[in-house]
Amino acid sequence: MKILIKAATLVNTSLPEFHLKKVDVAIQNGLICKIEKQITGFEADKTIEIEGLHFSAGWLDSGISIGEPGFESRETLKNGILTAAKSGFTAVVLNTNTDPVPDQQNAIGFIKNATAQSPIHVFPLGTLSKGAKGLDLAELFDMKRQGALAFYDYKHAIENPNLLKIALQYSQSFGGLVYSFPQTNKLTNQGVAHEGIVATQLGLKANPSLSEHLQIQRDLHILRYAGGKLHIPTISTKESVALIKEAKIEGLDVSCSVSIHHLWANEEALINFDTNTKLLPPLRAKEDQIALQKGLLEGAIDFVTTDHNPLDIELKNVVFDHAEAGSLGLEAAFGVLNTIYSTVQAIEILSRGYERYGIERPSLGIGSKASISLFNPLQFYTQSLTDLYSSSKNSLYLGSHLKGRALGSIANNHLTLI
């Protein structure tokens with residue numbers, strides 16, 4: 001397929017001659033063949049010419065959930081990946097909350113085969129433990145060899161410190177990356193809201209910040225002892241930012257991510273008991289939100305995730321205490337980051353994470369594989385149900401005013417537009 005992008009503004013600081021300038025881009029057989037101020041004589045099968053169109057090298061989402069296999073009523077692989085492509089992403093990392101969970105090489109092989117011809121690049125995680133039960137290590141080496149990027153019992157804390165120690169030691173032999181969800185279960189005690197004035201006012205059971213940063217302290221001690229590579233997903237407190245920043249200065253091989261939800265909102269969003277605001281970890285205090293925004297910008301937090309988690313309506317249409325935690329995030333991701341930060345900053349943030357996972361970073365050089373995110377940073381809108389491409393509709397951002405809309409993507413020799 002031959003694609004021509006016309007009069008689009010390029011956002012890429014590594015190409016200073018074209019950065020923030022309008023250019024044409026010619027793509028043939030999935031490769032970038034020209035970037036010029038104006039391209040003539042190129043007979044395209046598809047020409048993209050949209051008012052306000054901007055583009056950049058492709059974005060990576062380091063953690064999305066798709067129901068298939070097992071929870072296809074929430075989302076299928078086909079539609080979930082299409083949603084990511086429409087949301088501007090060219091690569092996504094799949095979480096492990098399926099049924100069965102991917103705890104052996106055959107499960108990783110199934111995902112790789114099922115997504116090989118997808119409109120974007122799809123990278124599965126494998127679970128750290130068998131059945132994600134936290135008892136015995138899963139087939140880490142075999143899953144890595146089959147294509148698993150890293151190992152994560154999605155949203156399940158590793159209660160046994162020896163399991164984490166063994167995982168870190170064993171994975172060093174093949175460069176494996178180990179996830180540890182930051183939560184001390186006995187401190188959360190099934191809390192559903194941040195321990196603070198809002199939870200007290202609403203009469204909701206509390207999940208304290210201490211639960212998170214105490215677990216992180218433990219994990220960093222184990223990493224210091226065992227060595228290896230550790231990733232801490234979806235941190236939510238100011239103390240967590242400080243701990244990980246100090247560990248990096250010390251030289252520990254640790255990274256972390258933050259969800260867009262915790263950048264966008266805080267505990268005050270729970271006031272109306274909207275179950276779309278029930279998340280894990282819970283939305284924290286305003287001061288935590290500010291620390292997360294600053295930590296991401298400064299690099300103490302390595303990268304962002306949408307923490308996209310489609311859920312059936314019956315899991316959300318219940319009282320707050322009993323609702324499942326989770327929200328959509330893909331569709332709002334660019335708008336959220338472009339509202340909080342400048343457009344250049346938002347694109348830089350969305351482009352992080354490739355090196356941590358050992359994924360080839362997209363390039364806009366001539367001859368490179370086309371991996372391009374398409375967006376309009378100046379389009380204002382209020383998210384409604386018509387803005388959601390996911391099968392499920394449990395979005396924290398419904399009714400939110402966003403600046404910037406993703407328009408689609410080009411990747412894996414596919415073009416996807418909203």
# chains A, B, ... in the order shown; residues from 1 in each chain; ligands from 1

$ select_by_dssp --residues "stretch 43-244 of chain A" --states "alpha helix (DSSP H)" --output "compact mmCIF listing (two decimals) with N, CA and C atoms, in the first residue's frame"
# COMPACT_ATOMS: atom_id res chain seq x y z
N LEU A 77 -9.67 -9.41 21.32
CA LEU A 77 -8.35 -8.99 20.84
C LEU A 77 -8.49 -8.07 19.63
N LYS A 78 -9.34 -8.44 18.68
CA LYS A 78 -9.48 -7.67 17.46
C LYS A 78 -9.93 -6.24 17.73
N ASN A 79 -11.00 -6.08 18.50
CA ASN A 79 -11.50 -4.73 18.74
C ASN A 79 -10.63 -3.95 19.72
N GLY A 80 -10.05 -4.64 20.70
CA GLY A 80 -9.18 -3.96 21.64
C GLY A 80 -7.95 -3.38 20.97
N ILE A 81 -7.36 -4.14 20.07
CA ILE A 81 -6.19 -3.66 19.35
C ILE A 81 -6.56 -2.56 18.37
N LEU A 82 -7.73 -2.69 17.74
CA LEU A 82 -8.22 -1.62 16.85
C LEU A 82 -8.45 -0.33 17.64
N THR A 83 -8.95 -0.45 18.86
CA THR A 83 -9.14 0.72 19.72
C THR A 83 -7.81 1.40 19.99
N ALA A 84 -6.78 0.61 20.27
CA ALA A 84 -5.45 1.18 20.50
C ALA A 84 -4.93 1.89 19.26
N ALA A 85 -5.16 1.29 18.09
CA ALA A 85 -4.70 1.89 16.84
C ALA A 85 -5.43 3.21 16.58
N LYS A 86 -6.72 3.24 16.81
CA LYS A 86 -7.49 4.49 16.63
C LYS A 86 -7.07 5.55 17.65
N GLN A 105 4.40 -21.14 27.81
CA GLN A 105 4.79 -20.67 26.48
C GLN A 105 3.67 -20.81 25.45
N ASN A 106 2.80 -21.82 25.57
CA ASN A 106 1.72 -21.99 24.60
C ASN A 106 0.77 -20.80 24.61
N ALA A 107 0.52 -20.26 25.80
CA ALA A 107 -0.38 -19.10 25.91
C ALA A 107 0.24 -17.87 25.24
N ILE A 108 1.55 -17.70 25.42
CA ILE A 108 2.23 -16.58 24.76
C ILE A 108 2.21 -16.79 23.25
N GLY A 109 2.44 -18.02 22.81
CA GLY A 109 2.40 -18.32 21.39
C GLY A 109 1.04 -18.03 20.78
N PHE A 110 -0.03 -18.35 21.52
CA PHE A 110 -1.38 -18.07 21.03
C PHE A 110 -1.57 -16.58 20.79
N ILE A 111 -1.16 -15.76 21.74
CA ILE A 111 -1.33 -14.31 21.60
C ILE A 111 -0.50 -13.78 20.44
N LYS A 112 0.75 -14.24 20.34
CA LYS A 112 1.60 -13.77 19.26
C LYS A 112 1.01 -14.14 17.89
N ASN A 113 0.52 -15.35 17.76
CA ASN A 113 -0.06 -15.79 16.48
C ASN A 113 -1.36 -15.05 16.17
N ALA A 114 -2.18 -14.84 17.21
CA ALA A 114 -3.48 -14.20 17.01
C ALA A 114 -3.35 -12.73 16.65
N LEU A 140 9.09 -18.97 33.19
CA LEU A 140 9.62 -17.67 32.77
C LEU A 140 10.52 -17.77 31.54
N PHE A 141 11.49 -18.65 31.58
CA PHE A 141 12.43 -18.74 30.46
C PHE A 141 11.72 -19.15 29.18
N ASP A 142 10.87 -20.14 29.26
CA ASP A 142 10.15 -20.61 28.07
C ASP A 142 9.25 -19.52 27.50
N MET A 143 8.59 -18.78 28.38
CA MET A 143 7.73 -17.69 27.90
C MET A 143 8.55 -16.56 27.29
N LYS A 144 9.67 -16.25 27.89
CA LYS A 144 10.56 -15.23 27.32
C LYS A 144 11.01 -15.64 25.92
N ARG A 145 11.39 -16.89 25.76
CA ARG A 145 11.83 -17.39 24.47
C ARG A 145 10.71 -17.35 23.44
N GLN A 146 9.47 -17.49 23.89
CA GLN A 146 8.32 -17.47 22.99
C GLN A 146 7.89 -16.05 22.64
N PRO A 161 8.10 -12.70 49.86
CA PRO A 161 9.32 -12.03 49.42
C PRO A 161 10.33 -12.98 48.79
N ASN A 162 10.30 -14.24 49.20
CA ASN A 162 11.24 -15.20 48.62
C ASN A 162 10.93 -15.48 47.15
N LEU A 163 9.65 -15.44 46.79
CA LEU A 163 9.28 -15.64 45.39
C LEU A 163 9.87 -14.52 44.53
N LEU A 164 9.79 -13.28 45.01
CA LEU A 164 10.37 -12.16 44.27
C LEU A 164 11.89 -12.30 44.18
N LYS A 165 12.51 -12.69 45.28
CA LYS A 165 13.97 -12.87 45.28
C LYS A 165 14.40 -13.91 44.25
N ILE A 166 13.72 -15.05 44.26
CA ILE A 166 14.07 -16.13 43.32
C ILE A 166 13.82 -15.69 41.88
N ALA A 167 12.72 -14.99 41.65
CA ALA A 167 12.40 -14.51 40.30
C ALA A 167 13.48 -13.57 39.79
N LEU A 168 13.91 -12.64 40.62
CA LEU A 168 14.96 -11.69 40.21
C LEU A 168 16.28 -12.40 39.94
N GLN A 169 16.61 -13.37 40.77
CA GLN A 169 17.86 -14.10 40.57
C GLN A 169 17.81 -14.97 39.31
N TYR A 170 16.73 -15.71 39.16
CA TYR A 170 16.60 -16.63 38.02
C TYR A 170 16.55 -15.87 36.70
N SER A 171 15.83 -14.77 36.65
CA SER A 171 15.61 -14.05 35.39
C SER A 171 16.88 -13.37 34.88
N ASN A 185 -1.03 -6.27 50.98
CA ASN A 185 -2.43 -6.67 51.08
C ASN A 185 -3.00 -6.55 52.48
N LYS A 186 -2.20 -6.87 53.48
CA LYS A 186 -2.73 -6.83 54.84
C LYS A 186 -2.96 -5.42 55.34
N LEU A 187 -2.37 -4.45 54.67
CA LEU A 187 -2.62 -3.05 55.02
C LEU A 187 -3.82 -2.48 54.27
N THR A 188 -4.05 -2.93 53.05
CA THR A 188 -5.19 -2.42 52.30
C THR A 188 -6.50 -2.93 52.89
N ILE A 197 -9.52 12.36 53.90
CA ILE A 197 -10.76 13.02 54.32
C ILE A 197 -11.94 12.63 53.44
N VAL A 198 -11.70 12.38 52.13
CA VAL A 198 -12.81 12.03 51.24
C VAL A 198 -13.39 10.67 51.61
N ALA A 199 -12.52 9.69 51.86
CA ALA A 199 -13.00 8.36 52.26
C ALA A 199 -13.78 8.44 53.57
N THR A 200 -13.31 9.27 54.48
CA THR A 200 -14.00 9.44 55.76
C THR A 200 -15.37 10.06 55.55
N GLN A 201 -15.43 11.10 54.74
CA GLN A 201 -16.71 11.78 54.48
C GLN A 201 -17.71 10.86 53.80
N LEU A 202 -17.21 10.01 52.89
CA LEU A 202 -18.10 9.14 52.12
C LEU A 202 -18.38 7.81 52.82
N SER A 209 -1.83 5.05 51.70
CA SER A 209 -0.61 5.20 50.93
C SER A 209 0.49 4.28 51.45
N LEU A 210 0.51 4.08 52.76
CA LEU A 210 1.52 3.22 53.38
C LEU A 210 1.56 1.84 52.74
N SER A 211 0.39 1.35 52.34
CA SER A 211 0.32 0.04 51.69
C SER A 211 1.23 -0.03 50.47
N GLU A 212 1.30 1.06 49.74
CA GLU A 212 2.09 1.08 48.51
C GLU A 212 3.57 1.26 48.78
N HIS A 213 3.94 2.31 49.50
CA HIS A 213 5.38 2.57 49.58
C HIS A 213 6.09 1.64 50.55
N LEU A 214 5.36 0.97 51.44
CA LEU A 214 5.99 -0.06 52.27
C LEU A 214 6.39 -1.26 51.40
N GLN A 215 5.52 -1.64 50.47
CA GLN A 215 5.83 -2.73 49.56
C GLN A 215 7.01 -2.37 48.66
N ILE A 216 7.04 -1.13 48.21
CA ILE A 216 8.14 -0.70 47.35
C ILE A 216 9.46 -0.73 48.11
N GLN A 217 9.45 -0.28 49.37
CA GLN A 217 10.66 -0.36 50.19
C GLN A 217 11.16 -1.81 50.28
N ARG A 218 10.24 -2.72 50.54
CA ARG A 218 10.60 -4.14 50.62
C ARG A 218 11.19 -4.62 49.31
N ASP A 219 10.53 -4.29 48.21
CA ASP A 219 10.99 -4.78 46.91
C ASP A 219 12.36 -4.22 46.55
N LEU A 220 12.61 -2.97 46.89
CA LEU A 220 13.92 -2.38 46.60
C LEU A 220 15.02 -3.03 47.43
N HIS A 221 14.72 -3.39 48.65
CA HIS A 221 15.68 -4.12 49.48
C HIS A 221 16.01 -5.48 48.85
N ILE A 222 14.97 -6.16 48.35
CA ILE A 222 15.19 -7.46 47.71
C ILE A 222 16.00 -7.30 46.43
N LEU A 223 15.69 -6.26 45.65
CA LEU A 223 16.44 -5.99 44.42
C LEU A 223 17.90 -5.71 44.74
N ARG A 224 18.13 -4.96 45.79
CA ARG A 224 19.49 -4.63 46.21
C ARG A 224 20.27 -5.91 46.56
N TYR A 225 19.59 -6.85 47.16
CA TYR A 225 20.21 -8.12 47.58
C TYR A 225 20.38 -9.09 46.40
N ALA A 226 19.36 -9.21 45.58
CA ALA A 226 19.33 -10.26 44.56
C ALA A 226 19.87 -9.83 43.21
N LYS A 238 3.25 10.12 46.41
CA LYS A 238 4.46 10.95 46.37
C LYS A 238 5.64 10.23 47.02
N GLU A 239 5.37 9.43 48.04
CA GLU A 239 6.45 8.67 48.68
C GLU A 239 7.07 7.66 47.72
N SER A 240 6.23 7.06 46.88
CA SER A 240 6.73 6.09 45.91
C SER A 240 7.67 6.75 44.91
N VAL A 241 7.31 7.94 44.45
CA VAL A 241 8.17 8.67 43.52
C VAL A 241 9.54 8.90 44.15
N ALA A 242 9.54 9.35 45.41
CA ALA A 242 10.80 9.65 46.09
C ALA A 242 11.65 8.40 46.28
N LEU A 243 11.03 7.29 46.65
CA LEU A 243 11.77 6.05 46.88
C LEU A 243 12.44 5.55 45.61
N ILE A 244 11.71 5.58 44.50
CA ILE A 244 12.25 5.07 43.25
C ILE A 244 13.33 6.01 42.70

$ select_by_dssp --residues "stretch 91-337 of chain A" --states "strand (DSSP E or B)" --output "PyMOL selection string"
chain A and resi 91-94+121-124+126+129+137+151+177-179+193-194+206-207+229-232+254-259+303-305+308+327-328

$ write_last_selection --atoms "C-alpha atoms" --output "PDB file, in the first residue's frame"
ATOM      1  CA  ALA A  91       2.611  -0.679  19.997  1.00  0.00           C
ATOM      2  CA  VAL A  92       0.937  -2.050  23.112  1.00  0.00           C
ATOM      3  CA  VAL A  93       1.931  -4.369  25.943  1.00  0.00           C
ATOM      4  CA  LEU A  94      -0.832  -6.804  26.964  1.00  0.00           C
ATOM      5  CA  HIS A 121       2.524  -4.233  17.196  1.00  0.00           C
ATOM      6  CA  VAL A 122       1.354  -6.341  20.150  1.00  0.00           C
ATOM      7  CA  PHE A 123       3.638  -7.606  22.909  1.00  0.00           C
ATOM      8  CA  PRO A 124       2.323  -9.976  25.589  1.00  0.00           C
ATOM      9  CA  GLY A 126       3.486 -13.584  30.965  1.00  0.00           C
ATOM     10  CA  SER A 129       3.681 -17.214  39.039  1.00  0.00           C
ATOM     11  CA  LEU A 137       7.230 -19.415  39.481  1.00  0.00           C
ATOM     12  CA  PHE A 151       6.432 -11.165  33.942  1.00  0.00           C
ATOM     13  CA  LEU A 177      12.143  -8.117  33.571  1.00  0.00           C
ATOM     14  CA  VAL A 178      10.144  -8.785  36.747  1.00  0.00           C
ATOM     15  CA  TYR A 179       7.062  -6.758  37.739  1.00  0.00           C
ATOM     16  CA  ALA A 193     -10.623   4.560  48.472  1.00  0.00           C
ATOM     17  CA  HIS A 194      -7.534   6.503  49.485  1.00  0.00           C
ATOM     18  CA  ALA A 206      -9.653   3.032  53.191  1.00  0.00           C
ATOM     19  CA  ASN A 207      -6.575   1.883  51.285  1.00  0.00           C
ATOM     20  CA  LYS A 229      15.659  -5.975  36.690  1.00  0.00           C
ATOM     21  CA  LEU A 230      12.547  -4.768  38.516  1.00  0.00           C
ATOM     22  CA  HIS A 231       9.569  -2.811  37.224  1.00  0.00           C
ATOM     23  CA  ILE A 232       6.959  -1.307  39.547  1.00  0.00           C
ATOM     24  CA  VAL A 254      14.449  -0.333  38.674  1.00  0.00           C
ATOM     25  CA  SER A 255      11.792   1.369  36.581  1.00  0.00           C
ATOM     26  CA  CYS A 256       8.209   2.400  37.226  1.00  0.00           C
ATOM     27  CA  SER A 257       5.089   3.614  35.477  1.00  0.00           C
ATOM     28  CA  VAL A 258       2.088   5.752  36.333  1.00  0.00           C
ATOM     29  CA  SER A 259      -1.418   5.477  34.919  1.00  0.00           C
ATOM     30  CA  PHE A 303       6.804   5.999  31.452  1.00  0.00           C
ATOM     31  CA  VAL A 304       3.046   6.216  31.398  1.00  0.00           C
ATOM     32  CA  THR A 305       0.384   3.574  30.904  1.00  0.00           C
ATOM     33  CA  HIS A 308      -6.894   0.428  29.975  1.00  0.00           C
ATOM     34  CA  SER A 327     -11.358   2.225  33.715  1.00  0.00           C
ATOM     35  CA  LEU A 328     -10.843   2.610  29.991  1.00  0.00           C
TER      36      LEU A 328
END

$ residues_around --residues "stretch 45-53 of chain A" --least-positions-apart "3" --cutoff "7 Å" --atoms "only C-alpha atoms" --output "PyMOL selection string"
chain A and resi 1-9+374-376

$ residues_around --residues "A:Lys130" --least-positions-apart "5" --cutoff "12 Å" --atoms "only C-alpha atoms" --output "PDB file with C-alpha atoms, in the first residue's frame"
ATOM      1  CA  THR A  96      -2.202 -10.883  32.006  1.00  0.00           C
ATOM      2  CA  PRO A 100      -6.685 -18.730  31.616  1.00  0.00           C
ATOM      3  CA  VAL A 101      -3.780 -16.464  32.457  1.00  0.00           C
ATOM      4  CA  PRO A 102      -0.685 -16.694  30.204  1.00  0.00           C
ATOM      5  CA  ASP A 103       1.612 -18.678  32.497  1.00  0.00           C
ATOM      6  CA  GLN A 104       3.226 -20.970  29.914  1.00  0.00           C
ATOM      7  CA  GLN A 105       4.789 -20.674  26.483  1.00  0.00           C
ATOM      8  CA  LEU A 135       2.997 -19.588  44.976  1.00  0.00           C
ATOM      9  CA  ASP A 136       5.368 -21.028  42.364  1.00  0.00           C
ATOM     10  CA  LEU A 137       7.230 -19.415  39.481  1.00  0.00           C
ATOM     11  CA  ALA A 138       5.665 -19.797  36.053  1.00  0.00           C
ATOM     12  CA  GLU A 139       7.648 -20.924  32.975  1.00  0.00           C
ATOM     13  CA  LEU A 140       9.617 -17.673  32.774  1.00  0.00           C
ATOM     14  CA  PHE A 151       6.432 -11.165  33.942  1.00  0.00           C
ATOM     15  CA  TYR A 152       3.491  -9.757  35.895  1.00  0.00           C
ATOM     16  CA  ASP A 153       0.691 -11.130  38.046  1.00  0.00           C
ATOM     17  CA  LEU A 163       9.281 -15.635  45.391  1.00  0.00           C
TER      18      LEU A 163
END

$ atom_distance --atom1 "atom CA of A:Ile301" --atom2 "atom CA of A:Asn12"
21.3 Å

$ closest_residue --among "A:Leu252, A:Val336, A:Gly228, A:Asn160" --to "A:Ser173" --atoms "only C-alpha atoms"
A:Gly228

$ closest_residue --among "A:Phe181, A:Asp302, A:Leu280, A:Ile313" --to "A:Ser351" --atoms "only C-alpha atoms"
A:Asp302

$ atom_distance --atom1 "atom CA of A:Asp312" --atom2 "atom CA of A:Gln190"
21.1 Å

$ residues_around --residues "A:His322" --least-positions-apart "5" --cutoff "12 Å" --atoms "only C-alpha atoms" --output "mmCIF file with N, CA and C atoms, in the first residue's frame"
data_model
loop_
_atom_site.group_PDB
_atom_site.id
_atom_site.type_symbol
_atom_site.label_atom_id
_atom_site.label_comp_id
_atom_site.auth_asym_id
_atom_site.auth_seq_id
_atom_site.Cartn_x
_atom_site.Cartn_y
_atom_site.Cartn_z
ATOM 1 N N GLN A 190 -8.815 -4.701 51.873
ATOM 2 C CA GLN A 190 -9.948 -4.549 50.948
ATOM 3 C C GLN A 190 -10.502 -3.126 50.916
ATOM 4 N N GLY A 191 -9.638 -2.157 51.183
ATOM 5 C CA GLY A 191 -10.056 -0.760 51.076
ATOM 6 C C GLY A 191 -10.349 -0.382 49.642
ATOM 7 N N VAL A 192 -11.273 0.558 49.443
ATOM 8 C CA VAL A 192 -11.707 0.925 48.091
ATOM 9 C C VAL A 192 -11.400 2.368 47.736
ATOM 10 N N LEU A 204 -16.270 5.280 53.087
ATOM 11 C CA LEU A 204 -15.691 4.205 52.305
ATOM 12 C C LEU A 204 -14.478 3.616 53.023
ATOM 13 N N LYS A 205 -14.311 2.321 52.896
ATOM 14 C CA LYS A 205 -13.182 1.646 53.509
ATOM 15 C C LYS A 205 -11.881 2.111 52.856
ATOM 16 N N PHE A 273 -19.775 8.972 43.982
ATOM 17 C CA PHE A 273 -19.807 7.505 44.001
ATOM 18 C C PHE A 273 -19.879 6.901 42.595
ATOM 19 N N THR A 275 -18.778 4.689 39.944
ATOM 20 C CA THR A 275 -17.917 3.509 40.029
ATOM 21 C C THR A 275 -16.805 3.499 38.971
ATOM 22 N N LYS A 278 -13.535 4.128 40.582
ATOM 23 C CA LYS A 278 -12.946 3.112 41.447
ATOM 24 C C LYS A 278 -11.818 2.421 40.702
ATOM 25 N N GLU A 314 -22.233 -4.987 34.294
ATOM 26 C CA GLU A 314 -22.709 -5.518 35.577
ATOM 27 C C GLU A 314 -21.632 -5.481 36.659
ATOM 28 N N LEU A 315 -20.372 -5.323 36.244
ATOM 29 C CA LEU A 315 -19.289 -5.205 37.223
ATOM 30 C C LEU A 315 -19.141 -3.784 37.746
ATOM 31 N N LYS A 316 -19.765 -2.846 37.054
ATOM 32 C CA LYS A 316 -19.698 -1.441 37.453
ATOM 33 C C LYS A 316 -21.036 -0.896 37.950
ATOM 34 N N ASN A 317 -22.124 -1.473 37.453
ATOM 35 C CA ASN A 317 -23.458 -0.957 37.806
ATOM 36 C C ASN A 317 -23.939 -1.560 39.128
#

$ atom_distance --atom1 "atom CA of A:Leu385" --atom2 "atom CA of A:Asn338"
20.5 Å

$ closest_residue --among "A:Glu195, A:Pro310, A:Ser180, A:His54" --to "A:Thr98" --atoms "only C-alpha atoms"
A:Pro310

$ residues_around --residues "A:Leu388" --least-positions-apart "5" --cutoff "10 Å" --atoms "only C-alpha atoms" --output "PyMOL selection string"
chain A and resi 83+87+328-332+383+393-395+398

$ write_last_selection --atoms "N, CA and C atoms" --output "tab-separated table (two decimals), in the first residue's frame"
chain	number	residue	atom	x	y	z
A	83	THR	N	-8.95	-0.45	18.86
A	83	THR	CA	-9.14	0.72	19.72
A	83	THR	C	-7.81	1.40	19.99
A	87	SER	N	-6.56	5.11	18.78
A	87	SER	CA	-6.15	6.03	19.84
A	87	SER	C	-4.72	6.53	19.66
A	328	LEU	N	-11.45	2.45	31.30
A	328	LEU	CA	-10.84	2.61	29.99
A	328	LEU	C	-9.80	3.72	30.06
A	329	GLY	N	-8.86	3.70	29.13
A	329	GLY	CA	-7.85	4.75	29.12
A	329	GLY	C	-7.31	5.07	27.74
A	330	LEU	N	-7.38	4.12	26.82
A	330	LEU	CA	-6.77	4.32	25.50
A	330	LEU	C	-7.32	5.56	24.79
A	331	GLU	N	-8.63	5.66	24.73
A	331	GLU	CA	-9.25	6.72	23.94
A	331	GLU	C	-8.92	8.12	24.46
A	332	ALA	N	-8.70	8.25	25.76
A	332	ALA	CA	-8.46	9.56	26.36
A	332	ALA	C	-6.98	9.89	26.51
A	383	GLN	N	-15.51	14.23	26.43
A	383	GLN	CA	-15.68	12.81	26.11
A	383	GLN	C	-17.10	12.35	26.38
A	393	LYS	N	-17.81	0.31	28.25
A	393	LYS	CA	-17.91	1.78	28.26
A	393	LYS	C	-17.56	2.38	29.63
A	394	ASN	N	-16.79	1.68	30.43
A	394	ASN	CA	-16.49	2.14	31.79
A	394	ASN	C	-15.33	3.12	31.81
A	395	SER	N	-15.61	4.36	31.39
A	395	SER	CA	-14.55	5.37	31.27
A	395	SER	C	-14.62	6.40	32.38
A	398	LEU	N	-15.59	10.16	30.98
A	398	LEU	CA	-16.88	10.60	30.45
A	398	LEU	C	-17.26	11.93	31.09

$ closest_residue --among "A:Leu128, A:Ala406, A:Leu31, A:Leu279" --to "A:Ala325" --atoms "only C-alpha atoms"
A:Leu279

$ residues_around --residues "A:Ser363" --least-positions-apart "2" --cutoff "12 Å" --atoms "only C-alpha atoms" --output "PDB file with C-alpha atoms, in the first residue's frame"
ATOM      1  CA  ASN A  12       9.906  15.181  16.637  1.00  0.00           C
ATOM      2  CA  THR A  13      12.792  16.995  18.341  1.00  0.00           C
ATOM      3  CA  SER A  14      15.303  14.541  16.878  1.00  0.00           C
ATOM      4  CA  LEU A  15      14.525  15.903  13.383  1.00  0.00           C
ATOM      5  CA  LEU A  31       8.478   1.973   4.704  1.00  0.00           C
ATOM      6  CA  ILE A  32       9.002   5.731   4.832  1.00  0.00           C
ATOM      7  CA  SER A  56       5.057  11.801  15.414  1.00  0.00           C
ATOM      8  CA  ALA A  57       6.981   8.556  15.730  1.00  0.00           C
ATOM      9  CA  GLY A  58       4.723   5.845  17.123  1.00  0.00           C
ATOM     10  CA  TRP A  59       3.547   5.708  20.746  1.00  0.00           C
ATOM     11  CA  SER A 351       7.223   7.685  23.196  1.00  0.00           C
ATOM     12  CA  TYR A 354      10.848   1.010  24.216  1.00  0.00           C
ATOM     13  CA  GLU A 360      12.998  -1.339  18.581  1.00  0.00           C
ATOM     14  CA  ARG A 361      12.250   2.376  18.846  1.00  0.00           C
ATOM     15  CA  GLY A 365      14.241   8.189   8.970  1.00  0.00           C
ATOM     16  CA  ILE A 366      14.074   7.417   5.279  1.00  0.00           C
ATOM     17  CA  GLY A 367      13.873   3.653   4.788  1.00  0.00           C
ATOM     18  CA  SER A 368      12.516   3.042   8.282  1.00  0.00           C
ATOM     19  CA  LYS A 369       9.406   0.991   8.950  1.00  0.00           C
ATOM     20  CA  ALA A 370       6.474   3.377   9.154  1.00  0.00           C
ATOM     21  CA  SER A 371       5.313   3.562  12.768  1.00  0.00           C
ATOM     22  CA  ILE A 372       3.437   6.831  13.016  1.00  0.00           C
ATOM     23  CA  SER A 373       0.899   8.315  15.416  1.00  0.00           C
ATOM     24  CA  ALA A 411       1.996   0.623  11.747  1.00  0.00           C
TER      25      ALA A 411
END
